[in-house]
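Asker: First the structure, then my questions, so here it is.
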2 protein chains.
Amino acid sequence: MSKNILNAPEGMKSYLPKEALKFYEIRDRISRVFQNWGYEPVITPVLEYYESLLTGMEQNTQKEFYKLIDYDGNILSLRPEMTAPIARTVVNRREELSLPLRLSYFAPVFRYDNPQEGKNREIFQMGLEFIGGNSFGDAEAIITAIEAIKSTGIEKFKLDLNHIGFLEGIVEELPLKGLQEKKLKEYLGRKDFVGLRNYLDNIGLKQKEIIAQLPLLRGGIDILNKADDLASTEASRKAVEKLKDIYEYLESYKVEDYVNFDFSLIRGLNYYTGMIFEGFTENLGYTICGGGRYDNLIEQYGGQKTPAVGFALGIQRIALALDYKGTSSIDGVVLLTEKTSSQALKLARRLHRKDYNIIIEENNRSRDELIKLAHQKNAAKIISIRETKSQKEAAEIEVLDTNSETAEKVVLKEGWEKKVWGK
Amino acid sequence: MSKNILNAPEGMKSYLPKEALKFYEIRDRISRVFQNWGYEPVITPVLEYYESLLTGMEQNTQKEFYKLIDYDGNILSLRPEMTAPIARTVVNRREELSLPLRLSYFAPVFRYDNPQEGKNREIFQMGLEFIGGNSFGDAEAIITAIEAIKSTGIEKFKLDLNHIGFLEGIVEELPLKGLQEKKLKEYLGRKDFVGLRNYLDNIGLKQKEIIAQLPLLRGGIDILNKADDLASTEASRKAVEKLKDIYEYLESYKVEDYVNFDFSLIRGLNYYTGMIFEGFTENLGYTICGGGRYDNLIEQYGGQKTPAVGFALGIQRIALALDYKGTSSIDGVVLLTEKTSSQALKLARRLHRKDYNIIIEENNRSRDELIKLAHQKNAAKIISIRETKSQKEAAEIEVLDTNSETAEKVVLKEGWEKKVWGK
């Protein structure tokens with residue numbers, strides 16, 4: 001049999017219940033935080049017109065797109081991220097919406113990357129977009145990202161903050177050509193600081209020291225003063241000022257310990273216009289979230305210029321950083337025999353109605369096999385109906401405890417379930 | 001601006017919060033039922049190898065596939081349904097799994113259909129697969145489908161049941177060529193009974209009466225006796241017998257009122273081997289779920305022959321049949337001013353910690369605009385901090401009720417939130 005019949009495509013996989021339950025537990029915890037902050041879910045299609053994605057994302061991530069041509073000749077693409085599709089939706093449906101909009105999502109996105117450990121081509125992202133908001137928005141995005149990560153149980157993590165105006169303020173003074181500026185950002189983006197210095201030497205840039213300093217501008221709040229000293233343009237100074245304002249908000253909400261500043265931070269997407277950030281776990285050291293301000297994106301889709309900020313969390317990477325296992329909770333197994341099936345089903349129905357999780361199995365296994373099955377499903381009790389002449393509801397059952405492996409008779413009178421399960 | 005920049009691809013759309021919240025409410029209610037029956041979630045990739053999907057689904061739905069060629073030259077396809085990918089996964093990961101498996105999913109699937117009202121090309125399906133189960137499995141699938149639909153609030157619906165062995169038993173006696181059999185099933189599948197009769201006349205089939213009778217074999221339990229009379233082969237009789245057994249289980253679980261039998265029912269997928277069913281709402285009259293037994297599918301992926309049964313529900317269609325609106329519940333808006341921002345954020349933090357849903361807004365709107373904003377978000381209260389000389393935590397706030405439009409002072413002492421929100 002061809003390998004392609006049994007496997008998922010390269011960089012993708014199925015998630016069995018233990019993993020899926022963990023993802024959904026993370027989803028539910030983060031959803032709670034998003035709800036607490038007033039965010040409401042939005043769903044956009046997995047497929048978008050390629051042209052539409054490019055409008056928002058520009059060219060720099062083109063090679064990562066999964067593209068297809070539909071039967072009408074349109075080029076479609078699986079969305080590689082959610083911000084551009086949400087911006088498109090907000091402009092397209094503006095008559096049904098009113099600002100400010102607080103939108104959240106849980107969605108798979110698709111990137112044709114080289115698969116590495118912890119790097120998937122189908123990425124489950126959870127995030128939010130705050131569109132048409134106020135100047136507190138930057139802090140709101142950072143705080144909700146921190147609260148979302150904390151809610152999952154991850155404690156050791158940091159967010160690196162930057163403001164793209166700082167580097168842009170430096171660059172506007174330098175005699176750089178377009179391509180040189182792009183190259184420079186690429187070195188920074190890869191955090192290849194040796195390569196950066198060599199490149200600066202190569203192009204013979206006199207003012208290279210200021211750029212070579214960027215990787216050193218990394219740390220706590222004190223770094224902002226150093227950055228201020230280095231800032232030689234209005235744009236750079238304004239960027240530092242903005243970061244100071246944000247930091248004050250973070251202090252008030254008591255999350256300042258989770259952030260650092262990093263003036264060499266560059267994000268891979270072109271639509272950012274202000275504050276940007278990335279979060280990573282301290283143990284694993286890879287990025288678990290990223291985001292920033294994108295004040296021009298709504299306009300790029302033909303809407304009015306609208307301030308906006310957002311971020312996305314990578315659910316698979318968060319799951320990797322967490323120990324807890326997804327387990328389902330089965331309360332019991334009800335056994336069917338030919339003679340007692342009607343009574344057993346009525347009993348199962350009553351238990352389902354009371355929100356007990358009950359599996360129904362035919363009684364065609366040995367006692368040992370049954371106990372093994374129950375253990376696999378974390379089921380504490382196995383219930384058999386004691387045969388009686390009456391075909392009506394059962395009056396008495398046998399309850400086998402799957403841990404002690406002892407059985408007891410239980411008379412089905414008011415409140416028997418609580419006696420059996422202690423709940 | 002090109003139309004393709006603002007719109008979703010044909011047959012697809014974004015769902016704004018009201019619709020998305022409704023979908024998630026339906027998802028959560030149905031999840032509860034699936035959990036009650038011991039089902040655990042599985043996630044499979046949106047993209048599959050085309051060859052893999054064909055292995056499970058055979059050729060009859062090929063034209064509905066969205067296909068793409070990846071950069072390595074593999075043909076991939078967006079999954080058009082979940083049963084084949086789950087069967088693939090179960091065989092591929094068999095060493096991590098043990099039977100019986102009760103798996104559930106909530107997932108988008110993609111079909112290149114002609115979009116009609118209520119017919120989407122991106123379909124949100126929720127369903128389950130019971131793999132390696134017992135002979136009660138048919139009834140379990142039908143009952144969980146009924147319980148799932150009921151949990152959403154839909155009361156007026158019916159499931160049509162059939163067993164493909166009945167028609168196969170009839171057909172095995174007839175002198176039909178392969179293509180004729182296929183044509184015949186197509187007429188039945190479309191419920192084009194006039195066309196069916198003309199076709200039977202056309203091919204000059206002597207025994208056509210028995211097939212022309214199929215559309216009349218529709219109704220309650222009594223129809224099974226009529227079907228038994230018509231059944232001229234062992235296979236047909238066994239099919240009727242099996243449906244009788246299933247019906248008895250449904251009676252025991254008290255859901256028999258939700259089912260009819262329909263011996264002309266045909267499902268569009270080739271992998272079914274036994275009982276099949278479709279559910280529809282009585283008002284809207286379109287299919288909201290479908291499923292059946294597929295005992296050969298695991299084997300087609302190279303696994304051991306394993307009994308299996310499952311079904312899928314269409315979430316968009318269920319949502320169409322339901323009146324309730326998705327609304328989020330914001331408890332209040334906390335206003336920031338420059339002077340009180342620190343105190344306001346500390347207050348918001350305390351409220352978030354107590355699981356209140358609180359939006360933070362800058363106080364740069366008129367009172368009327370603020371009330372309008374609060375109404376849009378269903379927020380009952382707007383909270384301002386009363387300025388004091390101290391920059392520490394606030395001692396007193398002003399609470400504006402957005403319905404009565406009256407404001408009151410509230411002193412921040414133990415339990416003040418309960419006084420404000422009554423919870």
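Convention: chains lettered A, B, ... in structure tokens order; per-chain residue numbering from 1; ligands numbered from 1 as shown.
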May I ask you to extract the residues of chain A within 7 Å of chain B, using only C-alpha atoms, and to give them as a PyMOL selection string?
Answerer: chain A and resi 4-9+12-17+20-21+35-38+40-45+48-49+51-52+67-68+88-89+92+134+249+252-253+301+328+330+342+345-346+349+352+355-359+362
Asker: Both chains have the same sequence, so superpose chain B on chain A over all Cα atoms paired in order and return it as a compact mmCIF listing (two decimals) with C-alpha atoms, in the first residue's frame.
Answerer:
```txt
# COMPACT_ATOMS: atom_id res chain seq x y z
CA MET B 1 -0.01 0.03 -0.05
CA SER B 2 1.31 3.46 -0.99
CA LYS B 3 2.74 5.45 1.91
CA ASN B 4 0.47 8.34 0.97
CA ILE B 5 -2.64 6.33 1.79
CA LEU B 6 -1.95 5.82 5.50
CA ASN B 7 -0.14 9.03 6.36
CA ALA B 8 -1.18 12.62 6.82
CA PRO B 9 0.52 15.07 4.45
CA GLU B 10 4.02 16.19 5.44
CA GLY B 11 4.02 18.53 8.46
CA MET B 12 0.46 17.60 9.42
CA LYS B 13 -0.97 14.98 11.72
CA SER B 14 -4.04 13.64 13.43
CA TYR B 15 -4.42 14.25 17.14
CA LEU B 16 -5.73 11.33 19.15
CA PRO B 17 -8.05 11.92 22.13
CA LYS B 18 -5.33 12.57 24.72
CA GLU B 19 -3.84 15.34 22.60
CA ALA B 20 -7.19 16.63 21.33
CA LEU B 21 -8.61 16.84 24.85
CA LYS B 22 -5.55 18.80 25.91
CA PHE B 23 -6.00 21.24 23.02
CA TYR B 24 -9.65 21.72 23.90
CA GLU B 25 -8.82 22.23 27.56
CA ILE B 26 -6.34 24.95 26.52
CA ARG B 27 -8.96 26.40 24.16
CA ASP B 28 -11.59 26.55 26.88
CA ARG B 29 -9.28 28.17 29.42
CA ILE B 30 -8.14 30.83 26.97
CA SER B 31 -11.70 31.40 25.75
CA ARG B 32 -12.67 32.23 29.31
CA VAL B 33 -9.99 34.97 29.44
CA PHE B 34 -11.06 36.36 26.07
CA GLN B 35 -14.68 36.44 27.25
CA ASN B 36 -13.66 38.19 30.45
CA TRP B 37 -12.23 40.96 28.30
CA GLY B 38 -15.35 41.22 26.13
CA TYR B 39 -14.08 39.40 23.01
CA GLU B 40 -16.59 37.58 20.79
CA PRO B 41 -15.82 34.76 18.36
CA VAL B 42 -15.63 35.19 14.61
CA ILE B 43 -15.25 32.37 12.05
CA THR B 44 -13.69 32.95 8.64
CA PRO B 45 -13.36 30.40 5.82
CA VAL B 46 -10.30 28.13 5.64
CA LEU B 47 -10.01 29.09 1.94
CA GLU B 48 -9.59 32.70 0.81
CA TYR B 49 -8.97 34.28 -2.56
CA TYR B 50 -5.18 34.42 -2.93
CA GLU B 51 -5.46 38.01 -4.14
CA SER B 52 -7.31 38.93 -0.97
CA LEU B 53 -4.66 37.45 1.31
CA LEU B 54 -1.89 39.24 -0.61
CA THR B 55 -3.75 42.54 -0.22
CA GLY B 56 -3.35 42.30 3.52
CA MET B 57 -0.14 40.38 3.89
CA GLU B 58 1.98 41.73 1.01
CA GLN B 59 4.65 39.67 -0.60
CA ASN B 60 7.02 38.57 2.10
CA THR B 61 5.29 35.33 3.02
CA GLN B 62 4.14 34.28 -0.46
CA LYS B 63 6.27 31.17 -0.59
CA GLU B 64 4.48 29.78 2.45
CA PHE B 65 1.04 29.70 0.79
CA TYR B 66 -0.85 26.53 -0.10
CA LYS B 67 -2.54 27.53 -3.34
CA LEU B 68 -5.12 25.88 -5.56
CA ILE B 69 -7.06 26.78 -8.66
CA ASP B 70 -10.79 26.13 -8.36
CA TYR B 71 -12.97 24.79 -11.19
CA ASP B 72 -13.84 28.37 -12.20
CA GLY B 73 -10.17 29.31 -12.55
CA ASN B 74 -9.86 31.41 -9.38
CA ILE B 75 -6.69 31.12 -7.33
CA LEU B 76 -7.59 30.21 -3.78
CA SER B 77 -5.28 29.77 -0.83
CA LEU B 78 -5.52 28.17 2.58
CA ARG B 79 -5.21 31.06 5.03
CA PRO B 80 -1.71 31.29 6.52
CA GLU B 81 -2.93 33.51 9.37
CA MET B 82 -6.14 35.08 10.67
CA THR B 83 -5.53 38.85 10.85
CA ALA B 84 -5.87 39.57 7.13
CA PRO B 85 -9.05 37.44 6.71
CA ILE B 86 -10.61 39.13 9.74
CA ALA B 87 -9.72 42.60 8.41
CA ARG B 88 -11.27 41.61 5.06
CA THR B 89 -14.39 40.40 6.84
CA VAL B 90 -14.69 43.57 8.92
CA VAL B 91 -14.61 45.75 5.78
CA ASN B 92 -16.84 43.41 3.77
CA ARG B 93 -19.50 43.24 6.50
CA ARG B 94 -19.07 46.76 7.91
CA GLU B 95 -22.78 47.51 7.74
CA GLU B 96 -23.50 44.73 10.22
CA LEU B 97 -20.75 45.79 12.61
CA SER B 98 -19.97 48.73 14.83
CA LEU B 99 -16.65 49.79 16.29
CA PRO B 100 -14.91 49.12 18.56
CA LEU B 101 -14.82 45.44 17.69
CA ARG B 102 -13.29 42.85 19.96
CA LEU B 103 -13.04 39.63 17.97
CA SER B 104 -11.49 36.29 18.86
CA TYR B 105 -10.89 33.01 17.04
CA PHE B 106 -9.71 29.43 17.33
CA ALA B 107 -8.73 28.25 13.88
CA PRO B 108 -6.26 26.19 11.87
CA VAL B 109 -3.90 28.13 9.59
CA PHE B 110 -1.59 26.64 6.96
CA ARG B 111 2.05 27.39 6.18
CA TYR B 112 4.22 25.60 3.70
CA ASP B 113 7.26 25.74 6.01
CA ASN B 114 9.99 23.19 6.40
CA PRO B 115 8.60 21.02 9.16
CA GLN B 116 10.88 21.02 12.21
CA GLU B 117 10.30 19.79 15.69
CA GLY B 118 7.36 21.69 17.08
CA LYS B 119 6.82 23.35 13.70
CA ASN B 120 3.71 22.24 11.91
CA ARG B 121 2.24 23.09 8.55
CA GLU B 122 -1.25 23.05 10.04
CA ILE B 123 -1.14 25.35 13.04
CA PHE B 124 -3.99 25.77 15.50
CA GLN B 125 -4.09 29.42 16.41
CA MET B 126 -6.11 31.18 19.00
CA GLY B 127 -6.05 34.92 19.06
CA LEU B 128 -7.88 38.19 19.11
CA GLU B 129 -8.20 41.38 17.12
CA PHE B 130 -9.16 44.68 18.72
CA ILE B 131 -10.32 46.93 15.88
CA GLY B 132 -11.24 50.58 16.20
CA GLY B 133 -10.08 50.70 19.76
CA ASN B 134 -8.41 53.25 21.93
CA SER B 135 -4.79 53.97 22.78
CA PHE B 136 -5.05 51.53 25.69
CA GLY B 137 -5.38 48.84 22.98
CA ASP B 138 -1.65 48.02 22.87
CA ALA B 139 -1.63 47.28 26.58
CA GLU B 140 -4.94 45.41 26.30
CA ALA B 141 -3.46 43.07 23.68
CA ILE B 142 -0.34 42.43 25.76
CA ILE B 143 -2.26 41.90 28.99
CA THR B 144 -4.79 39.53 27.42
CA ALA B 145 -1.93 37.55 25.83
CA ILE B 146 -0.27 37.24 29.25
CA GLU B 147 -3.52 36.34 30.98
CA ALA B 148 -4.31 33.79 28.25
CA ILE B 149 -0.93 32.09 28.63
CA LYS B 150 -1.20 32.12 32.43
CA SER B 151 -4.67 30.57 32.23
CA THR B 152 -3.20 27.49 30.53
CA GLY B 153 -0.94 26.85 33.50
CA ILE B 154 2.32 28.02 31.91
CA GLU B 155 4.09 30.18 34.50
CA LYS B 156 7.60 30.62 33.08
CA PHE B 157 7.27 32.76 30.00
CA LYS B 158 8.20 36.21 28.77
CA LEU B 159 6.91 38.62 26.17
CA ASP B 160 9.48 40.67 24.23
CA LEU B 161 8.13 44.08 23.25
CA ASN B 162 9.31 46.47 20.58
CA HIS B 163 7.91 49.32 18.51
CA ILE B 164 8.75 49.28 14.83
CA GLY B 165 8.97 53.09 14.87
CA PHE B 166 12.28 52.87 16.70
CA LEU B 167 14.19 51.08 13.94
CA GLU B 168 12.31 53.03 11.27
CA GLY B 169 13.41 56.25 12.92
CA ILE B 170 17.02 55.09 12.79
CA VAL B 171 16.80 53.83 9.23
CA GLU B 172 15.22 57.04 7.89
CA GLU B 173 18.45 58.86 8.74
CA LEU B 174 20.73 56.33 7.09
CA PRO B 175 21.79 56.32 3.43
CA LEU B 176 20.34 52.82 2.90
CA LYS B 177 18.89 51.57 -0.34
CA GLY B 178 15.61 49.65 -0.24
CA LEU B 179 17.27 46.29 -0.63
CA GLN B 180 19.83 47.05 2.06
CA GLU B 181 17.10 47.93 4.52
CA LYS B 182 15.35 44.67 3.71
CA LYS B 183 18.56 42.65 4.17
CA LEU B 184 19.21 44.37 7.47
CA LYS B 185 15.76 43.46 8.74
CA GLU B 186 16.29 39.89 7.61
CA TYR B 187 19.45 39.61 9.71
CA LEU B 188 17.59 41.06 12.69
CA GLY B 189 14.60 38.79 12.07
CA ARG B 190 16.82 35.72 12.20
CA LYS B 191 18.68 37.16 15.22
CA ASP B 192 21.86 36.61 13.20
CA PHE B 193 23.83 39.38 14.85
CA VAL B 194 27.25 38.23 13.62
CA GLY B 195 25.93 38.17 10.07
CA LEU B 196 24.41 41.60 10.67
CA ARG B 197 27.74 43.10 11.75
CA ASN B 198 29.57 41.54 8.74
CA TYR B 199 26.88 42.88 6.43
CA LEU B 200 27.19 46.37 7.91
CA ASP B 201 30.99 46.22 7.46
CA ASN B 202 30.44 45.03 3.91
CA ILE B 203 28.18 47.85 2.78
CA GLY B 204 30.57 50.28 4.44
CA LEU B 205 27.87 52.03 6.44
CA LYS B 206 29.44 54.72 8.61
CA GLN B 207 26.59 54.89 11.11
CA LYS B 208 26.62 51.17 11.64
CA GLU B 209 27.24 51.35 15.38
CA ILE B 210 23.71 52.43 16.15
CA ILE B 211 22.35 49.35 14.36
CA ALA B 212 24.96 47.03 15.79
CA GLN B 213 23.78 48.25 19.21
CA LEU B 214 20.19 47.08 18.66
CA PRO B 215 20.74 43.50 19.86
CA LEU B 216 22.15 44.91 23.08
CA LEU B 217 19.01 46.98 23.69
CA ARG B 218 17.28 44.13 25.44
CA GLY B 219 16.06 43.93 29.01
CA GLY B 220 13.71 45.44 31.55
CA ILE B 221 12.29 48.92 31.87
CA ASP B 222 15.77 50.48 32.28
CA ILE B 223 16.54 49.66 28.67
CA LEU B 224 14.00 52.30 27.63
CA ASN B 225 16.28 55.05 28.96
CA LYS B 226 19.24 53.68 27.01
CA ALA B 227 17.06 53.51 23.92
CA ASP B 228 15.97 57.09 24.50
CA ASP B 229 19.62 58.16 24.57
CA LEU B 230 20.30 56.38 21.30
CA ALA B 231 17.16 57.71 19.59
CA SER B 232 18.25 60.41 17.20
CA THR B 233 14.94 61.09 15.45
CA GLU B 234 11.47 62.15 16.46
CA ALA B 235 10.08 58.77 15.28
CA SER B 236 12.47 56.78 17.45
CA ARG B 237 11.78 58.95 20.49
CA LYS B 238 8.02 58.63 20.01
CA ALA B 239 8.38 54.85 19.82
CA VAL B 240 10.21 54.79 23.16
CA GLU B 241 7.61 57.12 24.66
CA LYS B 242 4.79 54.83 23.52
CA LEU B 243 6.50 51.79 25.06
CA LYS B 244 6.80 53.70 28.36
CA ASP B 245 3.07 54.43 28.34
CA ILE B 246 2.28 50.80 27.65
CA TYR B 247 4.55 49.70 30.48
CA GLU B 248 2.67 51.90 32.94
CA TYR B 249 -0.59 50.20 32.04
CA LEU B 250 1.06 46.79 32.45
CA GLU B 251 2.24 47.82 35.92
CA SER B 252 -1.28 48.87 36.90
CA TYR B 253 -2.59 45.47 35.83
CA LYS B 254 0.39 43.86 37.63
CA VAL B 255 1.75 41.90 34.68
CA GLU B 256 4.96 43.89 34.13
CA ASP B 257 7.10 40.97 35.32
CA TYR B 258 6.17 39.04 32.20
CA VAL B 259 7.65 41.53 29.74
CA ASN B 260 11.05 42.53 28.43
CA PHE B 261 11.96 45.06 25.78
CA ASP B 262 13.93 43.96 22.75
CA PHE B 263 14.74 46.65 20.19
CA SER B 264 16.07 44.10 17.72
CA LEU B 265 12.72 42.27 17.56
CA ILE B 266 11.32 42.05 14.03
CA ARG B 267 8.05 40.29 13.06
CA GLY B 268 7.66 38.40 9.80
CA LEU B 269 4.52 40.22 8.66
CA ASN B 270 4.48 43.50 6.79
CA TYR B 271 1.26 44.95 8.16
CA TYR B 272 2.55 46.03 11.56
CA THR B 273 2.71 49.77 12.19
CA GLY B 274 3.58 50.20 15.88
CA MET B 275 4.07 48.09 18.97
CA ILE B 276 4.99 44.47 18.23
CA PHE B 277 5.58 41.55 20.58
CA GLU B 278 6.49 37.90 20.79
CA GLY B 279 6.08 35.53 23.70
CA PHE B 280 8.13 32.44 24.46
CA THR B 281 8.36 29.85 27.19
CA GLU B 282 11.52 30.00 29.23
CA ASN B 283 12.05 26.24 29.18
CA LEU B 284 11.51 25.47 25.52
CA GLY B 285 12.63 28.82 24.24
CA TYR B 286 10.39 28.93 21.21
CA THR B 287 7.76 31.42 20.29
CA ILE B 288 4.26 30.68 21.59
CA CYS B 289 2.60 33.93 20.56
CA GLY B 290 3.09 37.04 18.51
CA GLY B 291 1.24 40.15 17.59
CA GLY B 292 1.20 43.89 17.30
CA ARG B 293 -0.49 47.01 16.04
CA TYR B 294 -1.63 47.25 12.40
CA ASP B 295 -3.27 50.64 11.82
CA ASN B 296 -3.27 50.50 7.99
CA LEU B 297 -4.70 47.07 7.30
CA ILE B 298 -8.41 47.95 7.34
CA GLU B 299 -7.64 50.77 4.90
CA GLN B 300 -5.79 48.35 2.60
CA TYR B 301 -9.09 46.49 2.23
CA GLY B 302 -10.85 49.71 1.28
CA GLY B 303 -12.19 50.59 4.70
CA GLN B 304 -11.64 53.80 6.63
CA LYS B 305 -8.29 54.11 8.38
CA THR B 306 -8.90 52.31 11.67
CA PRO B 307 -6.54 51.61 14.56
CA ALA B 308 -6.18 47.93 15.29
CA VAL B 309 -4.08 45.55 17.34
CA GLY B 310 -4.06 41.80 17.86
CA PHE B 311 -2.11 38.65 18.48
CA ALA B 312 -2.18 34.89 17.97
CA LEU B 313 -1.17 32.03 20.26
CA GLY B 314 0.12 28.70 18.92
CA ILE B 315 -1.92 25.98 20.59
CA GLN B 316 0.33 23.03 19.67
CA ARG B 317 3.35 24.80 21.12
CA ILE B 318 1.50 25.76 24.27
CA ALA B 319 0.46 22.11 24.61
CA LEU B 320 4.12 21.02 24.31
CA ALA B 321 5.02 23.27 27.23
CA LEU B 322 2.34 21.81 29.49
CA ASP B 323 2.48 18.62 31.48
CA TYR B 324 -1.18 17.99 32.09
CA LYS B 325 -2.74 15.17 30.14
CA GLY B 326 -6.08 15.25 28.45
CA THR B 327 -8.23 12.60 30.04
CA SER B 328 -11.89 12.06 29.58
CA SER B 329 -14.01 11.09 32.52
CA ILE B 330 -16.24 8.09 32.02
CA ASP B 331 -18.31 7.38 35.10
CA GLY B 332 -19.30 3.84 34.27
CA VAL B 333 -19.92 1.02 31.84
CA VAL B 334 -23.46 -0.39 31.66
CA LEU B 335 -23.54 -3.98 30.39
CA LEU B 336 -26.17 -5.28 27.99
CA THR B 337 -27.20 -8.91 27.91
CA GLU B 338 -29.90 -10.25 25.63
CA LYS B 339 -32.32 -10.69 28.51
CA THR B 340 -31.61 -7.42 30.28
CA SER B 341 -30.99 -5.09 27.36
CA SER B 342 -34.23 -3.16 27.74
CA GLN B 343 -33.69 -2.57 31.46
CA ALA B 344 -30.02 -1.72 30.92
CA LEU B 345 -30.89 0.88 28.28
CA LYS B 346 -33.51 2.46 30.51
CA LEU B 347 -30.95 2.64 33.29
CA ALA B 348 -28.32 4.16 30.97
CA ARG B 349 -30.91 6.70 29.84
CA ARG B 350 -31.63 7.76 33.41
CA LEU B 351 -27.91 8.14 34.08
CA HIS B 352 -27.34 10.12 30.86
CA ARG B 353 -30.22 12.41 31.85
CA LYS B 354 -28.42 13.09 35.11
CA ASP B 355 -25.26 13.98 33.19
CA TYR B 356 -23.29 10.86 34.07
CA ASN B 357 -20.91 9.72 31.33
CA ILE B 358 -21.93 6.14 30.63
CA ILE B 359 -20.59 3.72 28.02
CA ILE B 360 -22.88 0.90 26.93
CA GLU B 361 -21.17 -2.40 26.14
CA GLU B 362 -22.45 -5.87 25.39
CA ASN B 363 -21.52 -8.40 28.03
CA ASN B 364 -19.41 -10.57 25.74
CA ARG B 365 -16.05 -10.17 27.49
CA SER B 366 -14.46 -11.94 30.42
CA ARG B 367 -14.39 -10.13 33.75
CA ASP B 368 -10.67 -9.39 33.31
CA GLU B 369 -11.20 -8.01 29.82
CA LEU B 370 -14.04 -5.84 31.09
CA ILE B 371 -11.89 -4.40 33.86
CA LYS B 372 -9.10 -3.74 31.37
CA LEU B 373 -11.56 -1.94 29.09
CA ALA B 374 -12.87 0.11 32.00
CA HIS B 375 -9.34 1.10 33.02
CA GLN B 376 -8.54 2.21 29.46
CA LYS B 377 -11.54 4.51 29.59
CA ASN B 378 -10.98 5.62 33.21
CA ALA B 379 -14.35 4.19 34.16
CA ALA B 380 -14.68 3.57 37.90
CA LYS B 381 -17.72 1.26 37.83
CA ILE B 382 -19.15 -1.55 35.73
CA ILE B 383 -22.88 -2.04 36.11
CA SER B 384 -24.90 -5.16 35.33
CA ILE B 385 -28.62 -5.57 35.65
CA ARG B 386 -29.67 -8.48 37.84
CA GLU B 387 -32.09 -10.59 35.86
CA THR B 388 -35.68 -10.60 37.07
CA LYS B 389 -38.87 -11.98 35.56
CA SER B 390 -40.25 -8.52 34.92
CA GLN B 391 -39.15 -6.82 31.69
CA LYS B 392 -39.84 -3.38 33.17
CA GLU B 393 -37.29 -1.16 34.86
CA ALA B 394 -34.57 -2.85 36.85
CA ALA B 395 -34.90 -2.99 40.63
CA GLU B 396 -31.42 -4.13 41.52
CA ILE B 397 -28.02 -3.89 39.91
CA GLU B 398 -24.55 -5.23 40.50
CA VAL B 399 -21.81 -2.61 40.67
CA LEU B 400 -18.24 -3.76 40.08
CA ASP B 401 -15.61 -1.32 41.33
CA THR B 402 -12.83 -1.39 38.75
CA ASN B 403 -10.13 -0.43 41.22
CA SER B 404 -10.85 -2.71 44.16
CA GLU B 405 -12.32 -5.30 41.73
CA THR B 406 -15.07 -6.00 44.23
CA ALA B 407 -18.75 -6.16 43.37
CA GLU B 408 -21.75 -5.10 45.41
CA LYS B 409 -25.51 -5.28 44.98
CA VAL B 410 -27.27 -1.93 44.81
CA VAL B 411 -31.02 -1.47 45.13
CA LEU B 412 -32.28 1.22 42.74
CA LYS B 413 -33.95 3.57 45.15
CA GLU B 414 -33.83 7.37 45.16
CA GLY B 415 -30.26 8.68 45.32
CA TRP B 416 -28.49 5.40 44.53
CA GLU B 417 -26.21 7.11 41.98
CA LYS B 418 -24.77 9.42 44.60
CA LYS B 419 -24.05 6.42 46.78
CA VAL B 420 -22.26 4.64 43.93
CA TRP B 421 -20.25 7.56 42.54
CA GLY B 422 -20.14 9.89 45.53
CA LYS B 423 -21.49 12.72 43.36
```
Asker: Please extract the residues of range 85-293 of chain B with a backbone DSSP assignment of strand (DSSP E or B) and present them as JSON, numbers by chain.
Answerer: {"B": [101, 102, 103, 104, 105, 106, 107, 108, 109, 110, 116, 119, 122, 123, 124, 125, 126, 127, 128, 129, 130, 131, 157, 158, 159, 160, 161, 162, 163, 218, 219, 259, 260, 261, 262, 275, 276, 277, 278, 279, 280, 281, 287, 288, 289, 290, 291, 292, 293]}
Asker: So which residues of range 140-334 of chain A fall under helix (DSSP H, G or I) by DSSP, listed as an MDAnalysis selection string?
Answerer: chainID A and resid 140:152 164:171 178:189 193:203 208:216 223:230 234:252 256:258 297:300 315:320
